[in-house]
>>> print(open('data38.txt').read())   # compact mmCIF, C-alpha atoms (C1' of nucleotides)
# COMPACT_ATOMS: atom_id res chain seq x y z
CA MET A 130 -9.76 11.92 -19.49
CA GLY A 131 -6.05 12.65 -19.12
CA PRO A 132 -3.05 10.47 -19.89
CA LEU A 133 -3.28 8.85 -16.47
CA ASP A 134 -6.58 7.24 -17.35
CA GLY A 135 -4.82 5.34 -20.08
CA TYR A 136 -1.94 4.23 -17.88
CA LEU A 137 -2.45 0.71 -16.66
CA PRO A 138 -0.49 0.79 -13.38
CA TYR A 139 -2.44 3.89 -12.45
CA LEU A 140 -5.81 2.26 -13.12
CA LEU A 141 -4.72 -0.86 -11.30
CA ASN A 142 -3.56 0.99 -8.22
CA ARG A 143 -6.55 3.24 -8.15
CA ALA A 144 -9.07 0.41 -8.31
CA GLY A 145 -7.12 -1.69 -5.81
CA ALA A 146 -6.69 1.19 -3.38
CA ARG A 147 -10.33 2.08 -3.47
CA ILE A 148 -11.49 -1.44 -2.75
CA ALA A 149 -8.82 -1.83 -0.07
CA THR A 150 -9.78 1.39 1.72
CA ALA A 151 -13.48 0.59 1.73
CA PHE A 152 -12.88 -2.98 2.89
CA SER A 153 -10.56 -1.79 5.66
CA GLU A 154 -13.15 0.59 7.04
CA GLU A 155 -15.79 -2.08 6.93
CA VAL A 156 -13.87 -4.74 8.82
CA ARG A 157 -12.48 -2.39 11.45
CA PRO A 158 -15.54 -2.77 13.71
CA LEU A 159 -14.83 -6.50 13.73
CA GLY A 160 -11.35 -5.84 15.08
CA ALA A 161 -9.82 -6.87 11.78
CA THR A 162 -7.64 -5.13 9.25
CA LEU A 163 -7.12 -5.74 5.56
CA GLN A 164 -3.77 -7.34 6.28
CA THR A 165 -5.11 -9.73 8.89
CA TRP A 166 -7.84 -10.68 6.43
CA ARG A 167 -5.20 -11.43 3.81
CA VAL A 168 -3.37 -13.73 6.17
CA LEU A 169 -6.55 -15.44 7.31
CA ALA A 170 -7.75 -15.88 3.74
CA ALA A 171 -4.44 -17.45 2.75
CA LEU A 172 -4.67 -19.83 5.70
CA HIS A 173 -8.28 -20.58 4.87
CA GLU A 174 -7.15 -21.63 1.43
CA ARG A 175 -4.36 -23.73 2.90
CA ASP A 176 -3.55 -23.88 6.59
CA GLY A 177 -0.04 -24.40 7.89
CA ARG A 178 1.71 -22.23 5.33
CA ARG A 179 5.23 -21.02 5.91
CA MET A 180 6.00 -17.39 6.53
CA GLY A 181 7.71 -17.04 3.17
CA ASP A 182 4.80 -18.67 1.39
CA LEU A 183 2.37 -16.37 3.18
CA SER A 184 4.47 -13.37 2.26
CA GLU A 185 4.33 -14.28 -1.41
CA THR A 186 0.64 -15.10 -1.32
CA THR A 187 -0.43 -11.97 0.52
CA SER A 188 2.08 -9.59 -1.09
CA ILE A 189 3.11 -8.57 2.43
CA GLU A 190 6.86 -8.15 2.86
CA VAL A 191 8.27 -10.87 5.15
CA SER A 192 9.56 -8.63 7.91
CA THR A 193 6.25 -6.81 7.99
CA LEU A 194 4.50 -10.15 8.06
CA THR A 195 6.56 -11.29 11.04
CA ARG A 196 5.28 -8.40 13.11
CA LEU A 197 1.75 -8.66 11.78
CA VAL A 198 1.72 -12.33 12.81
CA ASP A 199 3.11 -11.37 16.22
CA GLY A 200 -0.01 -9.28 16.72
CA MET A 201 -2.34 -11.96 15.39
CA GLU A 202 -0.72 -14.46 17.72
CA LYS A 203 -1.28 -12.18 20.69
CA LYS A 204 -4.93 -12.00 19.67
CA ALA A 205 -4.90 -15.81 19.42
CA LEU A 206 -6.05 -15.77 15.80
CA VAL A 207 -3.11 -17.86 14.60
CA ALA A 208 -0.36 -20.01 16.05
CA ARG A 209 3.22 -20.46 14.89
CA ARG A 210 4.75 -23.94 14.74
CA ARG A 211 8.28 -24.90 13.91
CA ASP A 212 8.19 -26.87 10.67
CA ALA A 213 8.95 -30.51 11.48
CA ALA A 214 10.58 -31.15 8.12
CA ASP A 215 12.79 -28.04 8.11
CA ALA A 216 13.59 -26.36 11.40
CA ARG A 217 14.45 -23.07 9.70
CA ALA A 218 10.86 -22.68 8.68
CA VAL A 219 7.83 -21.68 10.69
CA THR A 220 4.32 -22.71 9.74
CA LEU A 221 1.27 -20.68 10.60
CA HIS A 222 -2.04 -22.14 11.68
CA ALA A 223 -5.44 -20.57 12.20
CA THR A 224 -6.85 -21.11 15.68
CA PRO A 225 -10.57 -21.64 16.34
CA ALA A 226 -10.89 -17.90 17.01
CA GLY A 227 -9.06 -17.24 13.75
CA ARG A 228 -11.43 -19.49 11.88
CA ARG A 229 -14.44 -17.84 13.45
CA LEU A 230 -13.18 -14.43 12.37
CA THR A 231 -12.52 -15.79 8.89
CA GLN A 232 -16.12 -16.99 8.71
CA ARG A 233 -17.31 -13.52 9.57
CA LEU A 234 -15.07 -11.90 6.97
CA LEU A 235 -15.85 -14.24 4.11
CA PRO A 236 -19.35 -12.88 3.38
CA ILE A 237 -17.98 -9.33 3.44
CA ALA A 238 -15.28 -10.32 0.98
CA GLU A 239 -17.90 -11.95 -1.23
CA ARG A 240 -19.94 -8.80 -1.20
CA TYR A 241 -16.93 -6.78 -2.31
CA GLU A 242 -16.39 -9.13 -5.19
CA ALA A 243 -20.05 -8.78 -6.15
CA VAL A 244 -20.19 -5.01 -5.82
CA SER A 245 -16.98 -4.37 -7.69
CA LEU A 246 -18.09 -6.61 -10.54
CA ARG A 247 -21.64 -5.29 -10.66
CA GLY A 248 -22.78 -4.98 -14.26
CA PHE A 249 -20.12 -7.34 -15.58
CA GLU A 250 -21.20 -10.33 -17.62
CA ALA A 251 -19.79 -13.58 -16.25
CA ARG A 252 -17.44 -13.85 -19.21
CA GLU A 253 -16.29 -10.25 -18.84
CA ALA A 254 -15.47 -10.87 -15.20
CA GLU A 255 -13.59 -14.00 -16.10
CA ALA A 256 -11.67 -12.20 -18.85
CA LEU A 257 -10.67 -9.56 -16.32
CA LYS A 258 -9.34 -12.16 -13.93
CA VAL A 259 -7.44 -13.89 -16.68
CA ALA A 260 -5.93 -10.56 -17.67
CA LEU A 261 -4.86 -9.81 -14.09
CA ARG A 262 -3.15 -13.18 -13.84
CA ARG A 263 -1.36 -12.46 -17.10
CA LEU A 264 -0.22 -9.06 -15.84
CA TYR A 265 1.19 -10.67 -12.76
CA ALA A 266 2.97 -13.35 -14.75
CA ASN A 267 4.34 -10.80 -17.20
CA MET A 268 6.28 -9.16 -14.41
CA ASP A 269 8.54 -12.20 -14.30
CA ALA A 270 10.39 -10.51 -17.14
CA LEU A 271 11.52 -7.69 -14.87
CA GLU A 272 12.22 -9.74 -11.79
CA LYS A 273 15.76 -9.64 -10.50
CA PRO A 274 17.01 -12.81 -12.15
CA ARG A 275 17.78 -15.05 -9.17
CA ARG A 276 20.54 -17.53 -9.38
CA GLN A 277 19.07 -20.72 -10.80
CA ARG A 278 18.75 -23.46 -8.28
CA GLY A 279 19.04 -27.07 -9.24
CA MET B 61 -5.40 -22.82 -8.26
CA GLY B 62 -7.13 -22.15 -4.95
CA PRO B 63 -10.10 -19.92 -4.17
CA LEU B 64 -7.86 -16.87 -3.93
CA ASP B 65 -7.04 -17.05 -7.63
CA GLY B 66 -10.68 -16.50 -8.38
CA TYR B 67 -11.07 -13.60 -5.97
CA LEU B 68 -10.88 -10.30 -7.77
CA PRO B 69 -9.55 -8.03 -5.02
CA TYR B 70 -6.77 -10.54 -4.45
CA LEU B 71 -5.78 -10.60 -8.12
CA LEU B 72 -5.96 -6.84 -8.29
CA ASN B 73 -3.79 -6.30 -5.25
CA ARG B 74 -1.30 -8.93 -6.28
CA ALA B 75 -0.77 -7.50 -9.75
CA GLY B 76 -0.65 -3.94 -8.46
CA ALA B 77 1.76 -4.77 -5.65
CA ARG B 78 4.11 -6.58 -7.97
CA ILE B 79 4.28 -3.75 -10.45
CA ALA B 80 4.61 -1.22 -7.63
CA THR B 81 7.47 -3.07 -5.95
CA ALA B 82 9.43 -3.52 -9.16
CA PHE B 83 8.90 0.10 -10.18
CA SER B 84 9.96 1.33 -6.74
CA GLU B 85 13.23 -0.56 -6.89
CA GLU B 86 13.91 0.71 -10.35
CA VAL B 87 13.42 4.40 -9.62
CA ARG B 88 15.26 4.36 -6.32
CA PRO B 89 18.66 4.97 -7.96
CA LEU B 90 17.16 8.15 -9.43
CA GLY B 91 16.32 9.38 -5.94
CA ALA B 92 12.64 8.86 -6.60
CA THR B 93 9.96 6.75 -4.99
CA LEU B 94 6.71 5.39 -6.33
CA GLN B 95 4.78 8.03 -4.40
CA THR B 96 6.85 10.93 -5.71
CA TRP B 97 6.31 9.56 -9.19
CA ARG B 98 2.57 9.51 -8.62
CA VAL B 99 2.58 13.13 -7.58
CA LEU B 100 4.82 14.17 -10.46
CA ALA B 101 2.70 12.23 -12.96
CA ALA B 102 -0.45 13.91 -11.68
CA LEU B 103 1.20 17.32 -12.02
CA HIS B 104 2.47 16.40 -15.45
CA GLU B 105 -1.08 15.70 -16.48
CA ARG B 106 -2.24 18.96 -14.95
CA ASP B 107 0.00 21.32 -13.03
CA GLY B 108 -1.22 23.46 -10.16
CA ARG B 109 -3.55 20.85 -8.66
CA ARG B 110 -4.83 21.25 -5.14
CA MET B 111 -3.75 18.92 -2.38
CA GLY B 112 -7.18 17.34 -2.17
CA ASP B 113 -7.30 16.81 -5.90
CA LEU B 114 -3.83 15.27 -5.81
CA SER B 115 -4.87 13.02 -2.97
CA GLU B 116 -7.81 11.72 -4.95
CA THR B 117 -5.80 11.34 -8.13
CA THR B 118 -2.87 9.56 -6.56
CA SER B 119 -4.86 7.54 -3.99
CA ILE B 120 -2.52 8.95 -1.33
CA GLU B 121 -4.28 9.94 1.89
CA VAL B 122 -4.19 13.74 2.33
CA SER B 123 -2.20 13.85 5.54
CA THR B 124 0.35 11.47 4.07
CA LEU B 125 0.43 13.61 0.97
CA THR B 126 1.11 16.74 3.02
CA ARG B 127 4.28 15.22 4.40
CA LEU B 128 5.28 13.68 1.10
CA VAL B 129 4.98 17.09 -0.49
CA ASP B 130 7.02 18.60 2.36
CA GLY B 131 9.84 16.31 1.34
CA MET B 132 9.43 17.02 -2.37
CA GLU B 133 9.48 20.72 -1.62
CA LYS B 134 12.72 20.37 0.31
CA LYS B 135 14.15 18.60 -2.70
CA ALA B 136 12.84 21.47 -4.83
CA LEU B 137 10.80 19.16 -7.06
CA VAL B 138 7.56 21.00 -6.43
CA ALA B 139 6.38 24.29 -4.96
CA ARG B 140 3.27 25.07 -2.96
CA ARG B 141 1.23 28.17 -3.74
CA ARG B 142 -1.76 29.52 -1.93
CA ASP B 143 -4.73 29.30 -4.29
CA ALA B 144 -5.64 32.82 -5.39
CA ALA B 145 -9.31 32.00 -5.77
CA ASP B 146 -9.70 30.20 -2.44
CA ALA B 147 -7.19 30.88 0.29
CA ARG B 148 -8.01 27.65 2.10
CA ALA B 149 -6.55 25.71 -0.76
CA VAL B 150 -2.96 25.09 -1.73
CA THR B 151 -1.92 24.38 -5.30
CA LEU B 152 1.12 22.35 -6.16
CA HIS B 153 3.45 23.11 -9.03
CA ALA B 154 6.31 21.17 -10.53
CA THR B 155 9.60 23.06 -10.57
CA PRO B 156 12.14 22.75 -13.41
CA ALA B 157 13.94 20.07 -11.38
CA GLY B 158 10.60 18.32 -10.87
CA ARG B 159 9.91 18.39 -14.58
CA ARG B 160 13.37 17.06 -15.36
CA LEU B 161 12.82 14.15 -12.98
CA THR B 162 9.41 13.54 -14.55
CA GLN B 163 11.05 13.34 -17.96
CA ARG B 164 13.43 10.72 -16.66
CA LEU B 165 10.63 8.70 -15.09
CA LEU B 166 8.24 8.78 -18.03
CA PRO B 167 10.16 6.28 -20.18
CA ILE B 168 10.46 3.92 -17.24
CA ALA B 169 6.72 4.15 -16.67
CA GLU B 170 6.12 3.49 -20.35
CA ARG B 171 8.30 0.42 -20.17
CA TYR B 172 6.28 -0.89 -17.24
CA GLU B 173 3.11 -0.42 -19.20
CA ALA B 174 4.63 -2.29 -22.11
CA VAL B 175 6.08 -5.14 -20.08
CA SER B 176 2.96 -5.70 -18.02
CA LEU B 177 0.82 -5.79 -21.15
CA ARG B 178 3.19 -7.93 -23.16
CA GLY B 179 1.27 -10.46 -25.23
CA PHE B 180 -1.98 -8.51 -25.00
CA GLU B 181 -3.75 -7.55 -28.19
CA ALA B 182 -4.52 -3.84 -28.36
CA ARG B 183 -8.20 -4.51 -27.87
CA GLU B 184 -7.54 -6.84 -24.91
CA ALA B 185 -5.47 -4.15 -23.24
CA GLU B 186 -8.18 -1.61 -23.86
CA ALA B 187 -10.85 -3.96 -22.50
CA LEU B 188 -8.78 -4.40 -19.35
CA LYS B 189 -8.51 -0.66 -18.86
CA VAL B 190 -12.21 -0.21 -19.40
CA ALA B 191 -12.88 -2.95 -16.85
CA LEU B 192 -10.59 -1.30 -14.28
CA ARG B 193 -12.39 2.00 -14.72
CA ARG B 194 -15.70 0.22 -14.22
CA LEU B 195 -14.45 -1.46 -11.06
CA TYR B 196 -13.41 1.88 -9.67
CA ALA B 197 -16.75 3.45 -10.55
CA ASN B 198 -18.66 0.52 -9.08
CA MET B 199 -17.22 1.29 -5.67
CA ASP B 200 -19.37 4.41 -5.58
CA ALA B 201 -22.10 2.10 -4.35
CA LEU B 202 -20.21 1.39 -1.12
CA GLU B 203 -18.93 4.89 -0.52
CA LYS B 204 -20.03 6.56 2.69
CA PRO B 205 -22.97 8.52 1.33
CA ARG B 206 -21.87 12.13 1.81
CA ARG B 207 -24.40 14.78 2.47
CA GLN B 208 -25.55 16.08 -0.88
CA ARG B 209 -24.32 19.55 -1.67
CA GLY B 210 -26.28 21.94 -3.83
C1' DT C 141 33.02 -34.42 8.04
C1' DC C 142 33.29 -29.75 8.27
C1' DA C 143 33.67 -25.08 6.35
C1' DA C 144 31.34 -22.13 3.10
C1' DT C 145 27.12 -21.00 1.07
C1' DT C 146 22.34 -20.74 0.84
C1' DT C 147 17.74 -20.42 2.77
C1' DA C 148 14.06 -18.99 6.35
C1' DT C 149 12.85 -15.98 9.72
C1' DT C 150 13.42 -12.29 12.96
C1' DT C 151 15.22 -7.91 14.72
C1' DG C 152 17.09 -2.99 14.43
C1' DT C 153 15.87 1.26 12.92
C1' DA C 154 14.27 4.99 10.28
C1' DA C 155 10.64 6.43 7.38
C1' DA C 156 5.85 6.22 5.79
C1' DT C 157 1.13 5.88 6.97
C1' DG C 158 -3.50 7.06 8.63
C1' DC C 159 -6.85 8.44 11.98
C1' DA C 160 -8.36 12.24 14.74
C1' DA C 161 -7.85 16.78 16.20
C1' DA C 162 -6.38 21.42 15.17
C1' DT C 163 -6.12 25.36 12.25
C1' DA C 164 -7.64 28.45 8.77
C1' DA C 165 -10.70 30.21 5.30
C1' DT C 166 -15.14 30.20 2.90
C1' DT C 167 -20.07 29.82 2.53
C1' DA C 168 -24.82 29.69 4.19
C1' DC C 169 -28.41 31.96 6.22
C1' DA C 170 -30.78 34.07 10.34
C1' DT D 270 -23.65 41.41 8.88
C1' DG D 271 -22.09 38.17 11.84
C1' DT D 272 -22.32 33.48 13.54
C1' DA D 273 -22.73 28.56 12.52
C1' DA D 274 -21.60 25.09 9.42
C1' DT D 275 -18.64 23.50 5.85
C1' DT D 276 -14.36 22.83 3.36
C1' DA D 277 -9.10 22.52 2.75
C1' DT D 278 -4.99 21.58 4.74
C1' DT D 279 -1.79 20.54 8.38
C1' DT D 280 -0.28 18.58 12.77
C1' DG D 281 -0.15 15.10 16.74
C1' DC D 282 0.69 10.66 17.56
C1' DA D 283 0.61 5.78 17.47
C1' DT D 284 1.05 2.12 14.20
C1' DT D 285 2.75 0.02 10.07
C1' DT D 286 6.11 -0.61 6.83
C1' DA D 287 10.48 -1.87 4.59
C1' DC D 288 15.41 -2.13 4.02
C1' DA D 289 19.47 -4.08 6.00
C1' DA D 290 21.68 -6.79 9.32
C1' DA D 291 21.46 -10.61 12.49
C1' DT D 292 20.34 -15.23 13.69
C1' DA D 293 19.61 -19.98 12.91
C1' DA D 294 19.28 -24.15 10.25
C1' DA D 295 20.07 -26.83 6.02
C1' DT D 296 22.81 -27.92 2.03
C1' DT D 297 26.86 -28.18 -0.83
C1' DG D 298 31.20 -29.82 -2.00
C1' DA D 299 36.24 -30.23 -0.89
>>> encode(input="data38.txt", output="structure tokens")
Amino acid sequence: MGPLDGYLPYLLNRAGARIATAFSEEVRPLGATLQTWRVLAALHERDGRRMGDLSETTSIEVSTLTRLVDGMEKKALVARRRDAADARAVTLHATPAGRRLTQRLLPIAERYEAVSLRGFEAREAEALKVALRRLYANMDALEKPRRQRG
Amino acid sequence: MGPLDGYLPYLLNRAGARIATAFSEEVRPLGATLQTWRVLAALHERDGRRMGDLSETTSIEVSTLTRLVDGMEKKALVARRRDAADARAVTLHATPAGRRLTQRLLPIAERYEAVSLRGFEAREAEALKVALRRLYANMDALEKPRRQRG
DNA sequence: TCAATTTATTTGTAAATGCAAATAATTACA
DNA sequence: TGTAATTATTTGCATTTACAAATAAATTGA
């Protein structure tokens, strides 16, 4: 076990990449990709999100997301609407076809959760999730300090 | 906190992506990218690795790695050598310039480790790393079963 | 109120990515 | 020993990605 095995970002990337690659292969026959799943999952959690919100939630860069959504719109999985409250913003909505695809992807996603956590006690799994949320939050410290608003 | 916050692959990707993005920005002024760092770190751990080994270690797909290494070779950070023992294989070696860049990146990487784990007890951090190694290993179960050799 | 600034999204463009096919060398075994 | 199968890497090519600039709308404050 070399130094890399003790380096957290390495372990994080490695585990994430492996799950991502396997999941991608698995959903390809359904005409889906990992990125479309991320968008659909975010809309399943809350439909009508803005592009910027989706970008933050899915960790997909906004300009990439724009073109990804273009493709999903062409496939009629989602629909863009101009936000009524703020005409700069666009909200994204799952269509019936999008929801059907989501329903097919959900059990696959659940299986990945189960397989990856195989052998974990419930409290170990929960501790891991708590730790991952802390990691994420800790990165605030390095974020480009944005001008305070308000 | 919606369903996504309880979904492990989501938490994993989100934390990994955030660290990756911040690290990328930070090393850009040094003429480095996250991917070149991954290659250099793998060679720092063990020089003279094969392309396939590097691909597995860095989670960079082999054909992508080939072209990444092309670029690093042009920048004289690494050098390819035909493996003496097996002429199909290519081994990669850090050059003096590559090692100098590695030395400049190491403290940044250490800082990312420290910042991301801020507030973690030593044993919590270790438990997290153990868990991430288990996750990775658990994915064996879903791997395309390759024909047994031997 | 209106000009300047900020915010949300899209577009331009070059680089990175990944699958599949091609190339090259080794190994297995008839 | 020589031919088929396997393994390691690279190349072809279409897609994805991300930075920067452009566009469009809202907000701020003189």
>>> interface_residues(input="data38.txt", of="chain A", to="chain B", cutoff="8 Å", atoms="only C-alpha atoms", output="PyMOL selection string")
chain A and resi 131-133+135-138+140-149+151+170-171+174+187-188+241-242+244-247+257-258+260-262+264-265+267-268+270-272
>>> interface_residues(input="data38.txt", of="chain A", to="chain C", cutoff="9 Å", atoms="all atoms listed in the file", output="JSON, numbers by chain")
{"A": [180, 181, 191, 192, 195, 216, 217, 218, 219]}
>>> atom_distance(input="data38.txt", atom1="CA of Pro236 in chain A", atom2="CA of Arg210 in chain A")
28.8 Å
>>> calpha_fit_and_write(input="data38.txt", fixed="chain A", moving="chain B", output="short mmCIF file (atom, residue, chain, number, x, y, z; two decimals) with C-alpha atoms, in the coordinates of the input")
data_model
loop_
_atom_site.label_atom_id
_atom_site.label_comp_id
_atom_site.auth_asym_id
_atom_site.auth_seq_id
_atom_site.Cartn_x
_atom_site.Cartn_y
_atom_site.Cartn_z
CA MET B 61 -9.72 11.94 -19.48
CA GLY B 62 -6.01 12.69 -19.16
CA PRO B 63 -3.01 10.47 -19.90
CA LEU B 64 -3.26 8.85 -16.48
CA ASP B 65 -6.58 7.24 -17.36
CA GLY B 66 -4.83 5.33 -20.09
CA TYR B 67 -1.94 4.23 -17.90
CA LEU B 68 -2.44 0.71 -16.66
CA PRO B 69 -0.49 0.79 -13.40
CA TYR B 70 -2.44 3.90 -12.44
CA LEU B 71 -5.80 2.26 -13.12
CA LEU B 72 -4.72 -0.85 -11.30
CA ASN B 73 -3.56 1.00 -8.22
CA ARG B 74 -6.57 3.25 -8.16
CA ALA B 75 -9.07 0.41 -8.31
CA GLY B 76 -7.13 -1.67 -5.81
CA ALA B 77 -6.68 1.21 -3.38
CA ARG B 78 -10.35 2.08 -3.47
CA ILE B 79 -11.48 -1.45 -2.75
CA ALA B 80 -8.81 -1.83 -0.07
CA THR B 81 -9.78 1.38 1.72
CA ALA B 82 -13.48 0.58 1.73
CA PHE B 83 -12.88 -2.98 2.90
CA SER B 84 -10.55 -1.78 5.66
CA GLU B 85 -13.15 0.59 7.05
CA GLU B 86 -15.78 -2.08 6.93
CA VAL B 87 -13.86 -4.74 8.83
CA ARG B 88 -12.48 -2.39 11.44
CA PRO B 89 -15.54 -2.76 13.70
CA LEU B 90 -14.83 -6.50 13.73
CA GLY B 91 -11.35 -5.84 15.09
CA ALA B 92 -9.82 -6.86 11.79
CA THR B 93 -7.65 -5.12 9.25
CA LEU B 94 -7.14 -5.72 5.57
CA GLN B 95 -3.77 -7.34 6.27
CA THR B 96 -5.13 -9.72 8.90
CA TRP B 97 -7.83 -10.68 6.43
CA ARG B 98 -5.21 -11.43 3.81
CA VAL B 99 -3.37 -13.72 6.16
CA LEU B 100 -6.55 -15.44 7.31
CA ALA B 101 -7.75 -15.88 3.72
CA ALA B 102 -4.43 -17.44 2.75
CA LEU B 103 -4.66 -19.83 5.70
CA HIS B 104 -8.26 -20.58 4.85
CA GLU B 105 -7.15 -21.62 1.42
CA ARG B 106 -4.35 -23.71 2.89
CA ASP B 107 -3.54 -23.88 6.57
CA GLY B 108 -0.03 -24.38 7.90
CA ARG B 109 1.70 -22.20 5.31
CA ARG B 110 5.22 -21.00 5.90
CA MET B 111 5.98 -17.35 6.50
CA GLY B 112 7.70 -17.00 3.15
CA ASP B 113 4.81 -18.63 1.36
CA LEU B 114 2.37 -16.34 3.17
CA SER B 115 4.46 -13.34 2.25
CA GLU B 116 4.33 -14.25 -1.41
CA THR B 117 0.64 -15.07 -1.31
CA THR B 118 -0.43 -11.96 0.53
CA SER B 119 2.08 -9.56 -1.08
CA ILE B 120 3.12 -8.56 2.45
CA GLU B 121 6.87 -8.12 2.88
CA VAL B 122 8.26 -10.85 5.16
CA SER B 123 9.53 -8.63 7.94
CA THR B 124 6.22 -6.79 8.01
CA LEU B 125 4.47 -10.13 8.05
CA THR B 126 6.53 -11.29 11.03
CA ARG B 127 5.25 -8.42 13.12
CA LEU B 128 1.73 -8.68 11.78
CA VAL B 129 1.71 -12.32 12.79
CA ASP B 130 3.09 -11.38 16.22
CA GLY B 131 -0.01 -9.29 16.72
CA MET B 132 -2.35 -11.97 15.39
CA GLU B 133 -0.73 -14.47 17.70
CA LYS B 134 -1.30 -12.20 20.68
CA LYS B 135 -4.92 -12.01 19.66
CA ALA B 136 -4.91 -15.81 19.42
CA LEU B 137 -6.06 -15.78 15.79
CA VAL B 138 -3.13 -17.85 14.59
CA ALA B 139 -0.37 -20.00 16.03
CA ARG B 140 3.20 -20.45 14.87
CA ARG B 141 4.73 -23.92 14.72
CA ARG B 142 8.25 -24.89 13.88
CA ASP B 143 8.17 -26.86 10.64
CA ALA B 144 8.91 -30.50 11.43
CA ALA B 145 10.55 -31.14 8.09
CA ASP B 146 12.75 -28.04 8.09
CA ALA B 147 13.53 -26.37 11.38
CA ARG B 148 14.42 -23.08 9.71
CA ALA B 149 10.84 -22.66 8.67
CA VAL B 150 7.81 -21.64 10.67
CA THR B 151 4.30 -22.70 9.71
CA LEU B 152 1.27 -20.66 10.58
CA HIS B 153 -2.04 -22.13 11.65
CA ALA B 154 -5.43 -20.56 12.18
CA THR B 155 -6.85 -21.11 15.66
CA PRO B 156 -10.57 -21.65 16.32
CA ALA B 157 -10.90 -17.91 17.00
CA GLY B 158 -9.05 -17.23 13.74
CA ARG B 159 -11.42 -19.49 11.85
CA ARG B 160 -14.43 -17.84 13.44
CA LEU B 161 -13.17 -14.43 12.36
CA THR B 162 -12.52 -15.79 8.87
CA GLN B 163 -16.11 -16.99 8.70
CA ARG B 164 -17.31 -13.52 9.57
CA LEU B 165 -15.07 -11.91 6.97
CA LEU B 166 -15.84 -14.26 4.10
CA PRO B 167 -19.33 -12.88 3.38
CA ILE B 168 -17.99 -9.34 3.45
CA ALA B 169 -15.28 -10.32 0.98
CA GLU B 170 -17.89 -11.95 -1.22
CA ARG B 171 -19.94 -8.79 -1.17
CA TYR B 172 -16.93 -6.77 -2.29
CA GLU B 173 -16.39 -9.13 -5.16
CA ALA B 174 -20.03 -8.78 -6.13
CA VAL B 175 -20.19 -5.01 -5.81
CA SER B 176 -16.97 -4.37 -7.67
CA LEU B 177 -18.08 -6.62 -10.52
CA ARG B 178 -21.62 -5.32 -10.65
CA GLY B 179 -22.79 -5.00 -14.25
CA PHE B 180 -20.12 -7.37 -15.55
CA GLU B 181 -21.20 -10.37 -17.57
CA ALA B 182 -19.78 -13.61 -16.22
CA ARG B 183 -17.44 -13.90 -19.16
CA GLU B 184 -16.28 -10.28 -18.79
CA ALA B 185 -15.46 -10.89 -15.15
CA GLU B 186 -13.58 -14.03 -16.06
CA ALA B 187 -11.67 -12.22 -18.81
CA LEU B 188 -10.66 -9.57 -16.30
CA LYS B 189 -9.35 -12.18 -13.89
CA VAL B 190 -7.44 -13.91 -16.64
CA ALA B 191 -5.93 -10.57 -17.65
CA LEU B 192 -4.86 -9.82 -14.06
CA ARG B 193 -3.16 -13.19 -13.80
CA ARG B 194 -1.36 -12.49 -17.06
CA LEU B 195 -0.21 -9.09 -15.83
CA TYR B 196 1.20 -10.67 -12.72
CA ALA B 197 2.97 -13.37 -14.72
CA ASN B 198 4.34 -10.82 -17.17
CA MET B 199 6.28 -9.17 -14.38
CA ASP B 200 8.54 -12.22 -14.28
CA ALA B 201 10.39 -10.53 -17.11
CA LEU B 202 11.50 -7.68 -14.85
CA GLU B 203 12.22 -9.74 -11.77
CA LYS B 204 15.77 -9.65 -10.48
CA PRO B 205 17.06 -12.80 -12.15
CA ARG B 206 17.83 -15.06 -9.19
CA ARG B 207 20.60 -17.54 -9.41
CA GLN B 208 19.14 -20.71 -10.85
CA ARG B 209 18.84 -23.52 -8.35
CA GLY B 210 19.07 -27.14 -9.36
#
>>> interface_residues(input="data38.txt", of="chain D", to="chain A", cutoff="7 Å", atoms="all atoms listed in the file", output="count of residues only")
3
>>> axis_aligned_box(input="data38.txt", around="range 182-196 of chain B", padding_each_side="3 Å", output="lines of an AutoDock Vina configuration file")
center_x = -10.1
center_y = -2.4
center_z = -19.0
size_x = 17.2
size_y = 14.8
size_z = 24.7
>>> atom_distance(input="data38.txt", atom1="C1' of DT278 in chain D", atom2="CA of Ser153 in chain A")
24.0 Å
>>> atom_distance(input="data38.txt", atom1="CA of Val156 in chain A", atom2="CA of Gly227 in chain A")
14.3 Å
>>> residues_around(input="data38.txt", residues="Leu103 in chain B", least_positions_apart="5", cutoff="9 Å", atoms="only C-alpha atoms (C1' of nucleotides)", output="mmCIF file with C-alpha atoms, in the frame of the given file")
data_model
loop_
_atom_site.group_PDB
_atom_site.id
_atom_site.type_symbol
_atom_site.label_atom_id
_atom_site.label_comp_id
_atom_site.auth_asym_id
_atom_site.auth_seq_id
_atom_site.Cartn_x
_atom_site.Cartn_y
_atom_site.Cartn_z
ATOM 1 C CA ARG B 98 2.570 9.510 -8.620
ATOM 2 C CA GLY B 108 -1.220 23.460 -10.160
ATOM 3 C CA ARG B 109 -3.550 20.850 -8.660
ATOM 4 C CA LEU B 114 -3.830 15.270 -5.810
ATOM 5 C CA LEU B 152 1.120 22.350 -6.160
ATOM 6 C CA HIS B 153 3.450 23.110 -9.030
ATOM 7 C CA ALA B 154 6.310 21.170 -10.530
#
